[in-house]
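The file coords_34.txt comes next; it holds compact mmCIF, C-alpha atoms and all ligand atoms.
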# COMPACT_ATOMS: atom_id res chain seq x y z
CA MET A 1306 -36.44 0.75 -22.60
CA ILE A 1307 -39.39 -0.05 -20.33
CA HIS A 1308 -38.49 -1.98 -17.17
CA ARG A 1309 -39.98 -5.50 -17.22
CA ALA A 1310 -39.89 -8.48 -14.82
CA LYS A 1311 -40.66 -12.09 -15.75
CA GLY A 1312 -40.59 -15.51 -14.10
CA ILE A 1313 -38.83 -16.03 -10.75
CA TYR A 1314 -37.11 -12.90 -9.48
CA SER A 1315 -36.67 -10.55 -6.55
CA ARG A 1316 -38.27 -7.11 -6.90
CA GLN A 1317 -35.15 -5.62 -5.29
CA ALA A 1318 -31.90 -6.70 -6.95
CA ARG A 1319 -29.13 -7.84 -4.56
CA VAL A 1320 -31.69 -8.64 -1.86
CA ASN A 1321 -33.72 -11.81 -1.10
CA THR A 1322 -32.32 -13.74 -4.04
CA PRO A 1323 -34.81 -16.56 -4.73
CA GLU A 1324 -33.75 -19.92 -3.26
CA GLY A 1325 -31.75 -22.02 -5.70
CA THR A 1326 -30.84 -19.13 -8.00
CA TYR A 1327 -27.73 -17.08 -8.70
CA GLU A 1328 -27.97 -13.42 -9.66
CA GLU A 1329 -26.27 -12.26 -12.82
CA GLY A 1330 -25.89 -8.58 -13.63
CA PHE A 1331 -26.29 -8.04 -17.36
CA GLY A 1332 -25.70 -4.42 -18.28
CA ARG A 1333 -24.14 -1.84 -20.54
CA GLN A 1334 -21.58 0.89 -19.74
CA GLY A 1335 -20.44 -0.99 -16.65
CA PHE A 1336 -23.15 -0.47 -14.06
CA ALA A 1337 -24.25 2.94 -15.36
CA GLY A 1338 -26.28 2.02 -18.47
CA PRO A 1339 -29.36 -0.14 -19.01
CA GLN A 1340 -29.28 -3.20 -16.74
CA ALA A 1341 -31.09 -6.49 -16.30
CA VAL A 1342 -30.71 -9.05 -13.53
CA LEU A 1343 -30.96 -12.69 -14.62
CA TYR A 1344 -31.81 -15.33 -12.01
CA ARG A 1345 -30.03 -18.53 -13.02
CA ARG A 1346 -29.99 -22.09 -11.80
CA HIS A 1347 -26.21 -22.33 -12.21
CA ARG A 1348 -23.20 -20.12 -11.69
CA THR A 1349 -22.18 -19.07 -15.18
CA THR A 1350 -18.56 -19.41 -14.08
CA ASP A 1351 -19.05 -23.17 -13.57
CA TRP A 1352 -17.34 -23.88 -16.86
CA THR A 1353 -15.81 -27.27 -17.53
CA ARG A 1354 -13.18 -25.87 -19.88
CA ILE A 1355 -12.51 -22.81 -22.05
CA GLU A 1356 -11.15 -22.71 -25.58
CA GLY A 1357 -9.94 -19.36 -26.99
CA PRO A 1358 -8.30 -16.28 -25.52
CA LEU A 1359 -10.96 -15.07 -23.05
CA ARG A 1360 -10.35 -16.24 -19.51
CA PRO A 1361 -9.82 -14.72 -16.07
CA ARG A 1362 -6.11 -14.12 -15.67
CA ALA A 1363 -3.90 -13.44 -12.65
CA PHE A 1364 -0.33 -12.20 -12.45
CA ARG A 1365 2.17 -12.42 -9.61
CA THR A 1366 3.53 -8.88 -9.53
CA ASP A 1367 5.90 -9.84 -6.68
CA ASP A 1368 7.88 -11.76 -9.32
CA ILE A 1369 8.34 -8.72 -11.58
CA THR A 1370 11.90 -7.84 -12.41
CA SER A 1371 11.38 -4.50 -14.12
CA ASP A 1372 14.11 -2.82 -16.13
CA ASP A 1373 14.22 -0.06 -13.49
CA ALA A 1374 14.66 -2.64 -10.71
CA THR A 1375 17.93 -3.89 -12.11
CA ARG A 1376 19.51 -0.64 -13.31
CA SER A 1377 18.88 2.95 -12.28
CA GLU A 1378 18.80 4.05 -15.97
CA GLY A 1379 15.97 1.58 -16.61
CA LEU A 1380 12.24 2.12 -17.08
CA PRO A 1381 9.10 0.50 -15.64
CA VAL A 1382 7.90 -2.73 -17.25
CA GLU A 1383 4.69 -2.62 -19.27
CA LEU A 1384 2.18 -5.37 -18.55
CA LEU A 1385 -1.13 -4.50 -20.25
CA TYR A 1386 -2.03 -2.03 -22.99
CA ASN A 1387 -4.55 -0.89 -25.56
CA ASP A 1388 -4.94 2.24 -27.72
CA ASP A 1389 -6.15 4.29 -24.72
CA VAL A 1390 -4.00 3.13 -21.82
CA ARG A 1391 -0.82 1.36 -20.78
CA ILE A 1392 -0.41 -0.29 -17.36
CA SER A 1393 3.13 -0.68 -16.03
CA VAL A 1394 4.96 -1.51 -12.82
CA SER A 1395 8.03 0.26 -11.45
CA ARG A 1396 10.18 -1.53 -8.89
CA ARG A 1397 12.98 0.95 -8.68
CA GLN A 1398 15.59 0.22 -5.98
CA ASP A 1399 17.16 3.64 -6.13
CA SER A 1400 16.29 7.13 -7.28
CA MET A 1401 15.90 8.13 -10.93
CA PRO A 1402 19.17 9.62 -12.24
CA PHE A 1403 17.22 11.32 -15.05
CA PHE A 1404 14.05 13.39 -15.39
CA PHE A 1405 11.19 11.88 -17.37
CA ARG A 1406 8.45 13.47 -19.50
CA ASN A 1407 5.58 11.42 -20.85
CA ALA A 1408 4.36 13.15 -24.01
CA ASP A 1409 1.93 10.30 -24.78
CA GLY A 1410 -0.50 10.77 -21.91
CA ASP A 1411 -1.29 11.54 -18.29
CA GLU A 1412 0.26 9.20 -15.74
CA LEU A 1413 -1.42 7.99 -12.57
CA HIS A 1414 1.07 6.39 -10.16
CA PHE A 1415 -0.29 4.28 -7.33
CA ILE A 1416 2.43 3.89 -4.68
CA HIS A 1417 2.05 0.32 -3.39
CA GLN A 1418 5.41 0.29 -1.59
CA GLY A 1419 8.10 2.91 -1.06
CA GLN A 1420 8.75 6.30 0.40
CA GLY A 1421 10.47 9.40 -0.88
CA GLN A 1422 9.59 12.39 -2.97
CA LEU A 1423 8.56 13.39 -6.44
CA GLU A 1424 10.57 16.21 -7.98
CA CYS A 1425 8.70 17.85 -10.84
CA ASP A 1426 8.05 21.10 -12.70
CA PHE A 1427 5.67 22.17 -9.93
CA GLY A 1428 8.12 21.45 -7.12
CA VAL A 1429 8.57 18.69 -4.57
CA LEU A 1430 5.92 16.34 -3.19
CA ALA A 1431 6.49 13.64 -0.54
CA VAL A 1432 5.17 10.18 -1.52
CA GLU A 1433 4.27 7.15 0.60
CA PRO A 1434 2.32 3.89 0.29
CA GLY A 1435 -1.33 4.40 -0.63
CA ASP A 1436 -0.70 7.59 -2.60
CA TYR A 1437 -2.22 8.23 -5.97
CA VAL A 1438 -0.01 10.72 -7.81
CA LEU A 1439 -1.59 12.18 -10.95
CA ILE A 1440 1.07 13.57 -13.29
CA PRO A 1441 -0.29 15.58 -16.25
CA LYS A 1442 0.98 14.71 -19.73
CA GLY A 1443 4.20 16.55 -20.48
CA THR A 1444 5.30 17.16 -16.87
CA ASN A 1445 9.02 16.75 -16.15
CA TYR A 1446 9.50 14.55 -13.08
CA ARG A 1447 11.62 12.05 -11.25
CA PHE A 1448 11.10 9.92 -8.14
CA VAL A 1449 13.74 10.13 -5.41
CA TYR A 1450 13.35 7.32 -2.89
CA THR A 1451 14.53 6.92 0.69
CA THR A 1452 13.57 3.23 0.62
CA ALA A 1453 15.05 0.31 -1.34
CA GLU A 1454 11.78 -1.63 -1.78
CA ASN A 1455 9.61 0.45 -4.08
CA PHE A 1456 6.61 -0.64 -6.11
CA SER A 1457 4.31 1.60 -8.14
CA LEU A 1458 1.47 0.63 -10.44
CA ILE A 1459 1.40 3.16 -13.29
CA LEU A 1460 -1.55 3.91 -15.55
CA GLU A 1461 -0.83 5.95 -18.67
CA SER A 1462 -3.97 7.43 -20.23
CA ARG A 1463 -4.00 9.05 -23.66
CA ALA A 1464 -7.10 11.07 -22.70
CA PRO A 1465 -6.78 13.48 -19.74
CA LEU A 1466 -7.54 11.79 -16.41
CA GLY A 1467 -9.88 13.67 -14.11
CA PHE A 1468 -12.37 13.14 -11.34
CA PRO A 1469 -15.84 11.80 -12.19
CA ASP A 1470 -18.92 13.96 -11.79
CA ARG A 1471 -20.22 13.51 -8.23
CA GLY A 1472 -23.79 14.43 -9.09
CA LEU A 1473 -26.21 14.07 -6.21
CA ILE A 1474 -23.54 12.82 -3.78
CA GLY A 1475 -22.11 16.31 -3.40
CA GLN A 1476 -18.55 17.58 -3.20
CA HIS A 1477 -17.29 16.08 0.07
CA ALA A 1478 -17.48 12.30 -0.52
CA PRO A 1479 -15.72 9.97 -0.94
CA PHE A 1480 -13.01 12.54 -0.22
CA ASP A 1481 -12.94 16.31 -0.02
CA PHE A 1482 -11.06 17.96 -2.89
CA THR A 1483 -9.39 20.13 -0.24
CA LEU A 1484 -7.37 17.00 0.64
CA LEU A 1485 -5.61 17.05 -2.74
CA GLU A 1486 -1.96 18.00 -2.32
CA THR A 1487 0.17 19.81 -4.88
CA PRO A 1488 3.99 20.19 -4.96
CA GLU A 1489 5.86 23.04 -3.31
CA PRO A 1490 8.34 24.90 -5.54
CA ALA A 1491 11.86 23.99 -4.47
CA PRO A 1492 14.31 25.21 -7.12
CA VAL A 1493 17.76 23.67 -6.77
CA PRO A 1494 20.91 25.81 -6.63
CA GLU A 1495 22.74 26.63 -9.86
CA SER A 1496 24.51 23.62 -11.34
CA ASP A 1497 28.28 23.13 -11.06
CA GLY A 1498 28.83 21.67 -14.54
CA GLU A 1499 26.92 18.45 -14.02
CA GLU A 1500 24.98 17.09 -17.02
CA TRP A 1501 21.23 16.49 -16.58
CA GLU A 1502 19.15 14.17 -18.76
CA LEU A 1503 15.49 14.71 -19.57
CA ARG A 1504 14.08 11.61 -21.21
CA ILE A 1505 10.93 12.18 -23.31
CA LYS A 1506 8.49 9.45 -24.34
CA ARG A 1507 6.44 10.20 -27.45
CA GLY A 1508 4.80 7.50 -29.57
CA SER A 1509 6.50 4.96 -27.26
CA GLN A 1510 9.86 6.17 -28.58
CA TYR A 1511 12.44 7.80 -26.32
CA THR A 1512 14.47 10.96 -26.83
CA SER A 1513 16.98 12.28 -24.31
CA VAL A 1514 17.64 16.01 -24.03
CA PHE A 1515 20.67 17.06 -21.99
CA TYR A 1516 21.25 20.26 -19.98
CA ASP A 1517 24.11 21.69 -17.99
CA PHE A 1518 21.62 22.82 -15.35
CA ASN A 1519 19.11 20.97 -13.21
CA PRO A 1520 15.70 21.38 -14.93
CA MET A 1521 14.06 21.63 -11.49
CA ASP A 1522 14.36 25.41 -11.70
CA VAL A 1523 10.72 26.56 -11.37
CA VAL A 1524 10.54 29.20 -8.65
CA GLY A 1525 6.74 29.51 -8.69
CA TRP A 1526 3.57 28.60 -10.55
CA HIS A 1527 -0.16 29.10 -10.63
CA GLY A 1528 -3.03 27.69 -12.65
CA SER A 1529 -5.48 24.83 -12.86
CA LEU A 1530 -3.07 22.17 -14.14
CA SER A 1531 -0.60 20.56 -11.75
CA VAL A 1532 0.56 17.29 -10.25
CA VAL A 1533 -1.92 16.27 -7.53
CA LYS A 1534 -1.71 13.66 -4.79
CA LEU A 1535 -4.32 11.84 -2.75
CA ASN A 1536 -3.86 9.02 -0.22
CA VAL A 1537 -6.33 6.14 0.10
CA ARG A 1538 -6.38 6.58 3.90
CA ASP A 1539 -8.30 9.81 3.32
CA PHE A 1540 -11.13 8.04 1.50
CA ARG A 1541 -14.51 7.87 3.21
CA ILE A 1542 -15.92 5.10 1.10
CA LEU A 1543 -19.55 5.28 0.02
CA MET A 1544 -21.60 2.39 1.31
CA SER A 1545 -25.11 1.31 2.07
CA ASP A 1546 -26.22 -0.79 5.04
CA ARG A 1547 -28.95 -2.36 2.92
CA ILE A 1548 -27.46 -2.96 -0.54
CA HIS A 1549 -24.06 -3.91 -1.96
CA LEU A 1550 -23.08 -0.99 -4.17
CA PRO A 1551 -21.50 -1.70 -7.57
CA PRO A 1552 -17.79 -0.95 -8.11
CA SER A 1553 -18.68 2.14 -10.16
CA ALA A 1554 -19.81 3.79 -6.89
CA HIS A 1555 -16.10 3.88 -6.01
CA THR A 1556 -14.85 5.54 -9.21
CA THR A 1557 -11.97 7.84 -8.31
CA PHE A 1558 -10.48 8.86 -11.67
CA ALA A 1559 -11.95 8.69 -15.14
CA ALA A 1560 -10.95 9.48 -18.72
CA SER A 1561 -12.35 8.52 -22.10
CA GLY A 1562 -11.84 4.75 -22.30
CA VAL A 1563 -10.80 4.14 -18.69
CA ALA A 1564 -12.01 4.42 -15.07
CA VAL A 1565 -10.14 3.81 -11.81
CA CYS A 1566 -12.05 2.69 -8.70
CA THR A 1567 -10.75 2.53 -5.12
CA PHE A 1568 -11.96 0.08 -2.49
CA THR A 1569 -11.03 0.95 1.09
CA PRO A 1570 -11.95 -0.76 4.41
CA ARG A 1571 -15.64 -0.67 5.30
CA PRO A 1572 -18.31 -2.52 7.26
CA ALA A 1573 -20.15 -5.29 5.43
CA GLU A 1574 -23.81 -4.64 4.64
CA GLY A 1575 -25.83 -5.03 7.84
CA ASP A 1576 -29.19 -6.17 6.48
CA PRO A 1577 -29.27 -9.99 6.61
CA THR A 1578 -31.43 -10.18 3.45
CA THR A 1579 -28.77 -8.31 1.45
CA ASN A 1580 -26.12 -10.14 -0.60
CA ARG A 1581 -22.66 -9.13 0.57
CA THR A 1582 -20.86 -10.58 -2.46
CA PRO A 1583 -20.68 -9.10 -5.98
CA MET A 1584 -23.05 -10.42 -8.66
CA TYR A 1585 -21.89 -12.69 -11.42
CA HIS A 1586 -21.52 -10.56 -14.51
CA ARG A 1587 -19.96 -10.54 -17.95
CA ASN A 1588 -19.18 -6.79 -17.97
CA ILE A 1589 -19.87 -6.33 -21.62
CA ASP A 1590 -18.19 -2.95 -22.10
CA TYR A 1591 -15.08 -3.06 -19.87
CA ASP A 1592 -12.03 -5.21 -19.22
CA GLU A 1593 -11.40 -5.17 -15.46
CA VAL A 1594 -7.96 -5.03 -13.84
CA PHE A 1595 -7.85 -5.52 -10.06
CA PHE A 1596 -4.82 -4.89 -7.86
CA THR A 1597 -4.67 -5.72 -4.16
CA HIS A 1598 -2.78 -3.08 -2.18
CA SER A 1599 -3.45 -4.54 1.27
CA ALA A 1600 -5.26 -7.80 1.73
CA GLY A 1601 -8.01 -8.47 4.21
CA ALA A 1602 -9.28 -11.87 5.31
CA GLY A 1603 -10.57 -13.89 2.40
CA LEU A 1604 -9.15 -11.67 -0.30
CA ARG A 1605 -6.44 -12.66 -2.76
CA PRO A 1606 -2.92 -11.91 -1.52
CA GLU A 1607 -1.23 -8.53 -1.75
CA GLY A 1608 0.44 -7.74 -5.04
CA ILE A 1609 -1.75 -10.04 -7.14
CA LEU A 1610 -3.06 -8.36 -10.27
CA THR A 1611 -6.01 -9.91 -12.08
CA LEU A 1612 -7.58 -9.29 -15.47
CA ASN A 1613 -11.22 -10.16 -16.10
CA PRO A 1614 -11.88 -9.61 -19.81
CA ALA A 1615 -15.16 -8.12 -21.04
CA GLY A 1616 -17.54 -10.68 -22.50
CA LEU A 1617 -16.58 -13.53 -20.16
CA HIS A 1618 -18.34 -14.02 -16.84
CA HIS A 1619 -16.69 -13.43 -13.52
CA GLY A 1620 -17.87 -13.47 -9.96
CA PRO A 1621 -17.42 -15.23 -6.62
CA LEU A 1622 -15.58 -18.54 -6.51
CA PRO A 1623 -17.66 -21.66 -5.82
CA GLY A 1624 -18.73 -21.71 -2.16
CA VAL A 1625 -18.05 -18.02 -1.46
CA ILE A 1626 -21.72 -16.94 -1.55
CA GLU A 1627 -22.71 -19.92 0.60
CA ALA A 1628 -19.92 -19.18 3.11
CA SER A 1629 -20.93 -15.51 3.23
CA ARG A 1630 -24.45 -16.54 4.27
CA ALA A 1631 -23.37 -19.34 6.64
CA ASN A 1632 -20.81 -17.17 8.46
CA TRP A 1633 -22.97 -14.03 8.61
CA THR A 1634 -22.31 -11.79 11.59
CA LYS A 1635 -23.74 -8.34 12.10
CA ASP A 1636 -20.45 -6.54 12.65
CA ALA A 1637 -18.38 -8.08 9.82
CA ARG A 1638 -15.92 -5.79 8.08
CA LEU A 1639 -13.95 -5.86 4.82
CA GLU A 1640 -10.48 -4.61 5.60
CA PHE A 1641 -8.80 -4.78 2.20
CA THR A 1642 -7.63 -1.89 0.06
CA ALA A 1643 -7.61 -2.46 -3.68
CA ILE A 1644 -7.82 -0.59 -6.94
CA ASN A 1645 -9.69 -1.47 -10.06
CA ILE A 1646 -8.85 -0.20 -13.57
CA ASP A 1647 -11.62 -0.67 -16.12
CA THR A 1648 -10.92 -0.18 -19.83
CA GLU A 1649 -13.33 0.06 -22.74
CA ARG A 1650 -10.93 -1.34 -25.32
CA PRO A 1651 -9.61 -4.88 -24.88
CA LEU A 1652 -6.28 -5.07 -23.06
CA GLU A 1653 -3.36 -6.89 -24.64
CA MET A 1654 -0.76 -8.63 -22.50
CA THR A 1655 2.94 -7.96 -22.98
CA GLU A 1656 5.47 -10.78 -22.95
CA ALA A 1657 6.46 -9.64 -19.46
CA ALA A 1658 2.87 -10.12 -18.27
CA MET A 1659 2.67 -13.54 -19.87
CA GLY A 1660 5.78 -14.52 -17.92
CA LEU A 1661 4.08 -13.60 -14.63
CA GLU A 1662 0.77 -15.30 -15.31
CA ILE A 1663 -0.50 -17.90 -12.88
CA PRO A 1664 -1.18 -20.91 -15.09
CA ASP A 1665 -4.74 -22.21 -15.36
CA TYR A 1666 -6.10 -19.55 -12.99
CA TYR A 1667 -9.50 -19.89 -14.70
CA THR A 1668 -9.81 -23.46 -13.38
CA LYS A 1669 -10.33 -22.05 -9.86
CA TRP A 1670 -13.99 -21.55 -10.84
CA ILE A 1671 -14.47 -25.20 -11.79
CA PRO A 1672 -16.33 -26.68 -8.81
CA GLU A 1673 -14.17 -29.09 -6.78
CA SER A 1674 -11.08 -27.87 -8.63
CA SER A 1675 -7.88 -27.15 -6.81
CA ALA A 1676 -5.75 -26.94 -9.94
CA ALA A 1677 -4.92 -23.27 -9.54
CA THR A 1678 -3.65 -21.68 -6.37
CA LEU A 1679 -2.63 -18.20 -5.47
FE FE A 1701 -16.46 -7.06 -12.24

Written as C-alpha cells, how would this file's structure read?
Amino acid sequence: MIHRAKGIYSRQARVNTPEGTYEEGFGRQGFAGPQAVLYRRHRTTDWTRIEGPLRPRAFRTDDITSDDATRSEGLPVELLYNDDVRISVSRRQDSMPFFFRNADGDELHFIHQGQGQLECDFGVLAVEPGDYVLIPKGTNYRFVYTTAENFSLILESRAPLGFPDRGLIGQHAPFDFTLLETPEPAPVPESDGEEWELRIKRGSQYTSVFYDFNPMDVVGWHGSLSVVKLNVRDFRILMSDRIHLPPSAHTTFAASGVAVCTFTPRPAEGDPTTNRTPMYHRNIDYDEVFFTHSAGAGLRPEGILTLNPAGLHHGPLPGVIEASRANWTKDARLEFTAINIDTERPLEMTEAAMGLEIPDYYTKWIPESSAATL
C-alpha cells in the first residue's frame, strides 16, 4: 500500500511527537508488516473499565509452587498455552531423578535462577542464570543442580525453534554464533544394577521407559542438530542513539507461531527529540508475554510475568512518558534484562496461572488509580 500522511503528525515516527498527542503504532505481523502511526488526543489505555476476557494480566511467579518444587519426581507447572506453544515454570529444589524426552516439541529453557548442569544425549553442559538452553524435540535430558533455589522459564514449541534471519545486520550481532556452546560427551560408567527411568511426553501424555543402564551413554556425536546454550551477558544489544527500536529488533529465537526477544542493559536514546518509551499499540497479530529476569530502576519487579493479549492496547502507564521527558538526562541507561515471548495464536491460561494472577492489574492504566500494585 502507498504510504500516506494526513492531519497532525510527525514525518519521523518516534521523534518530535506533536504537542498534546500520543503515538499509537498500528501494524501487522508485529512490527515487521505494514504499519501506520496514529496521533491521538488520549492514551488508548485510559479505559474506565473493561468487560470481557481481554485485559493486561500479570502473574507473580515467585508464588509458584510447581509439582517439581515439592517432589523430585514432579514436573514443571504449565501457565500459558495454545496449539503452537506451552509456557511452563520449573522450580526444582533438587536434581531430576529421571531423564526426560519431549516428543511434542523443542524446548527453550531460560535459567532465571540456579546453577548446575544439563546431562543429555549430546553430553554435559554447565548451566547458570541468564542461560538460554535450546533442547531439540526428542532429546533425552535431565537437570542436575548444585543449588536449592532454581527457577527456569520453559517454552515448548511445536515448530522447530531457530535463529531469525539477520539480513543486513550481518552475522556478528547481537551475538556471534561462535558463542553458542554445545555439550561435551561424558558417558557414565557401566551401571551396577540401578534402574533408570526415561519419561517421554507425547500428546501431553507421559510414558516411562526403564533401563538397567544409564542412558547417558553417548561417547561421541557430530551433526547440525544438538542442544545449544547462550547466555544473555554475551548479547551486544542493537540500539540506535536517535530512535527507539521496536522489540522485534531484539528477536533471538523464532519458530512458526512464536518469537522470543531478549532485552539486555543499554544506554537510553541520546537524541532529546526521540521518545525513549515504547508506543501505545494493540499488537494485532501477537499475544505478548514479558518476563523480568533482572529489574532495573522503574521496571516491574523481578519474576513478574505479564501477558498483553493481541487486540487490546498496551503501553506506558499514565505519567511514564511525561516523567521520561521531565527527567531526561543525556547519560541515562536501562539496566534491566527481560525476555519477551510473542505468540500468533491466543494464549490460554491454566488454573495454576489464574491462581497467580494479580487481581485487577488492568486498573493500573486508569489515571489516578492505585487499585493494583505490583
Ligand atoms: Fe508490545

For A:Tyr1516, list every protein, DNA or RNA residue within 9 Å, evaluated using only C-alpha atoms, and leave out those in the same chain fewer than 6 positions away; present the list as a VMD selection string. chain A and resid 1499 to 1503

Would you mind listing the residues within 7 Å of ligand FE 1701 (chain A), counting all atoms listed in the file, as number ranges by chain? A: 1586, 1588, 1593, 1619-1620

Find the spatial neighbours of stretch 1316-1331 of chain A, counting all atoms listed in the file, within a cut-off of 7 Å - ignore same-chain residues fewer than 2 positions away - and output them as a PyMOL selection string. chain A and resi 1314+1340-1348+1548-1549+1578-1580+1584-1587

Under the rule that all atoms listed in the file are counted, which of A:Ile1505, A:Val1429, A:Ala1374, A:Ile1474 is the nearest residue to A:His1555? A:Ile1474

At a cut-off of 12 Å, using all atoms listed in the file, what residues contact A:Val1625? Leave out same-chain residues fewer than 3 positions from it and give the result as a VMD selection string. chain A and resid 1348 1580 to 1585 1603 to 1604 1620 to 1622 1628 to 1633 1670 1672

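Comparing A:Asp1368, A:Asp1636, A:Glu1574, A:Asp1546 by their smallest distance to A:Gly1660, the closest is A:Asp1368 (using only C-alpha atoms).
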
Nearest to A:Ala1337, chosen from A:Leu1550, A:Leu1413, A:Leu1385, A:Leu1484, with only C-alpha atoms counted in the distances: A:Leu1550

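Pairwise distance (atom CA of A:Pro1651, atom CA of A:Gly1335) equals 14.1 Å.
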
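For the set A:Leu1466, A:Leu1460, A:Met1401, A:Val1493, the residue with the smallest atom-to-atom gap to A:Asp1426 is A:Val1493, counting all atoms listed in the file.
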
Proximity to A:Leu1423 - best of A:Val1394, A:Ala1491, A:Ile1542, A:Met1306, only C-alpha atoms: A:Ala1491

Kindly provide, as number ranges by chain, the polymer residues lying within 8 Å of (-18.5, 4.9, -0.5), counting only C-alpha atoms and using the coordinates exactly as they appear in the file. A: 1478-1479, 1541-1545, 1554-1555

Have a look at A:Phe1427, A:Leu1617, A:Thr1567, A:Asp1481 and name the one nearest to A:His1527; count only C-alpha atoms.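 The answer is A:Phe1427, which sits nearest to A:His1527.
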
Distance atom CA of A:Lys1534-atom CA of A:Phe1482, one decimal place?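 Interatomic distance here is 10.5 Å.
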
Please provide as an NGL selection string all residues within 12 Å of A:Arg1391, with the sequence filter that same-chain residues fewer than 6 positions apart are discarded (counting only C-alpha atoms). :A and (1381-1385 or 1407 or 1409-1414 or 1458-1464 or 1509 or 1562-1563 or 1594 or 1646-1648 or 1650-1655)

Selected residues written out with C-alpha atoms, as a short mmCIF file (atom, residue, chain, number, x, y, z; two decimals), keeping the file's coordinate frame:
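Output file result-v2.cif is given in full below:
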data_model
loop_
_atom_site.label_atom_id
_atom_site.label_comp_id
_atom_site.auth_asym_id
_atom_site.auth_seq_id
_atom_site.Cartn_x
_atom_site.Cartn_y
_atom_site.Cartn_z
CA PRO A 1381 9.10 0.50 -15.64
CA VAL A 1382 7.90 -2.73 -17.25
CA GLU A 1383 4.69 -2.62 -19.27
CA LEU A 1384 2.18 -5.37 -18.55
CA LEU A 1385 -1.13 -4.50 -20.25
CA ASN A 1407 5.58 11.42 -20.85
CA ASP A 1409 1.93 10.30 -24.78
CA GLY A 1410 -0.50 10.77 -21.91
CA ASP A 1411 -1.29 11.54 -18.29
CA GLU A 1412 0.26 9.20 -15.74
CA LEU A 1413 -1.42 7.99 -12.57
CA HIS A 1414 1.07 6.39 -10.16
CA LEU A 1458 1.47 0.63 -10.44
CA ILE A 1459 1.40 3.16 -13.29
CA LEU A 1460 -1.55 3.91 -15.55
CA GLU A 1461 -0.83 5.95 -18.67
CA SER A 1462 -3.97 7.43 -20.23
CA ARG A 1463 -4.00 9.05 -23.66
CA ALA A 1464 -7.10 11.07 -22.70
CA SER A 1509 6.50 4.96 -27.26
CA GLY A 1562 -11.84 4.75 -22.30
CA VAL A 1563 -10.80 4.14 -18.69
CA VAL A 1594 -7.96 -5.03 -13.84
CA ILE A 1646 -8.85 -0.20 -13.57
CA ASP A 1647 -11.62 -0.67 -16.12
CA THR A 1648 -10.92 -0.18 -19.83
CA ARG A 1650 -10.93 -1.34 -25.32
CA PRO A 1651 -9.61 -4.88 -24.88
CA LEU A 1652 -6.28 -5.07 -23.06
CA GLU A 1653 -3.36 -6.89 -24.64
CA MET A 1654 -0.76 -8.63 -22.50
CA THR A 1655 2.94 -7.96 -22.98
#

What is the distance, in Å and to one decimal place, between atom CA of A:Val1514 and atom CA of A:Ser1371?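 Distance reported for this atom pair: 23.6 Å.
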
Contacts of A:Phe1558 within 9 Å, all atoms listed in the file, excl. fewer than 5 positions in-chain, as a ChimeraX atom specification: /A:1466-1469,1563-1566
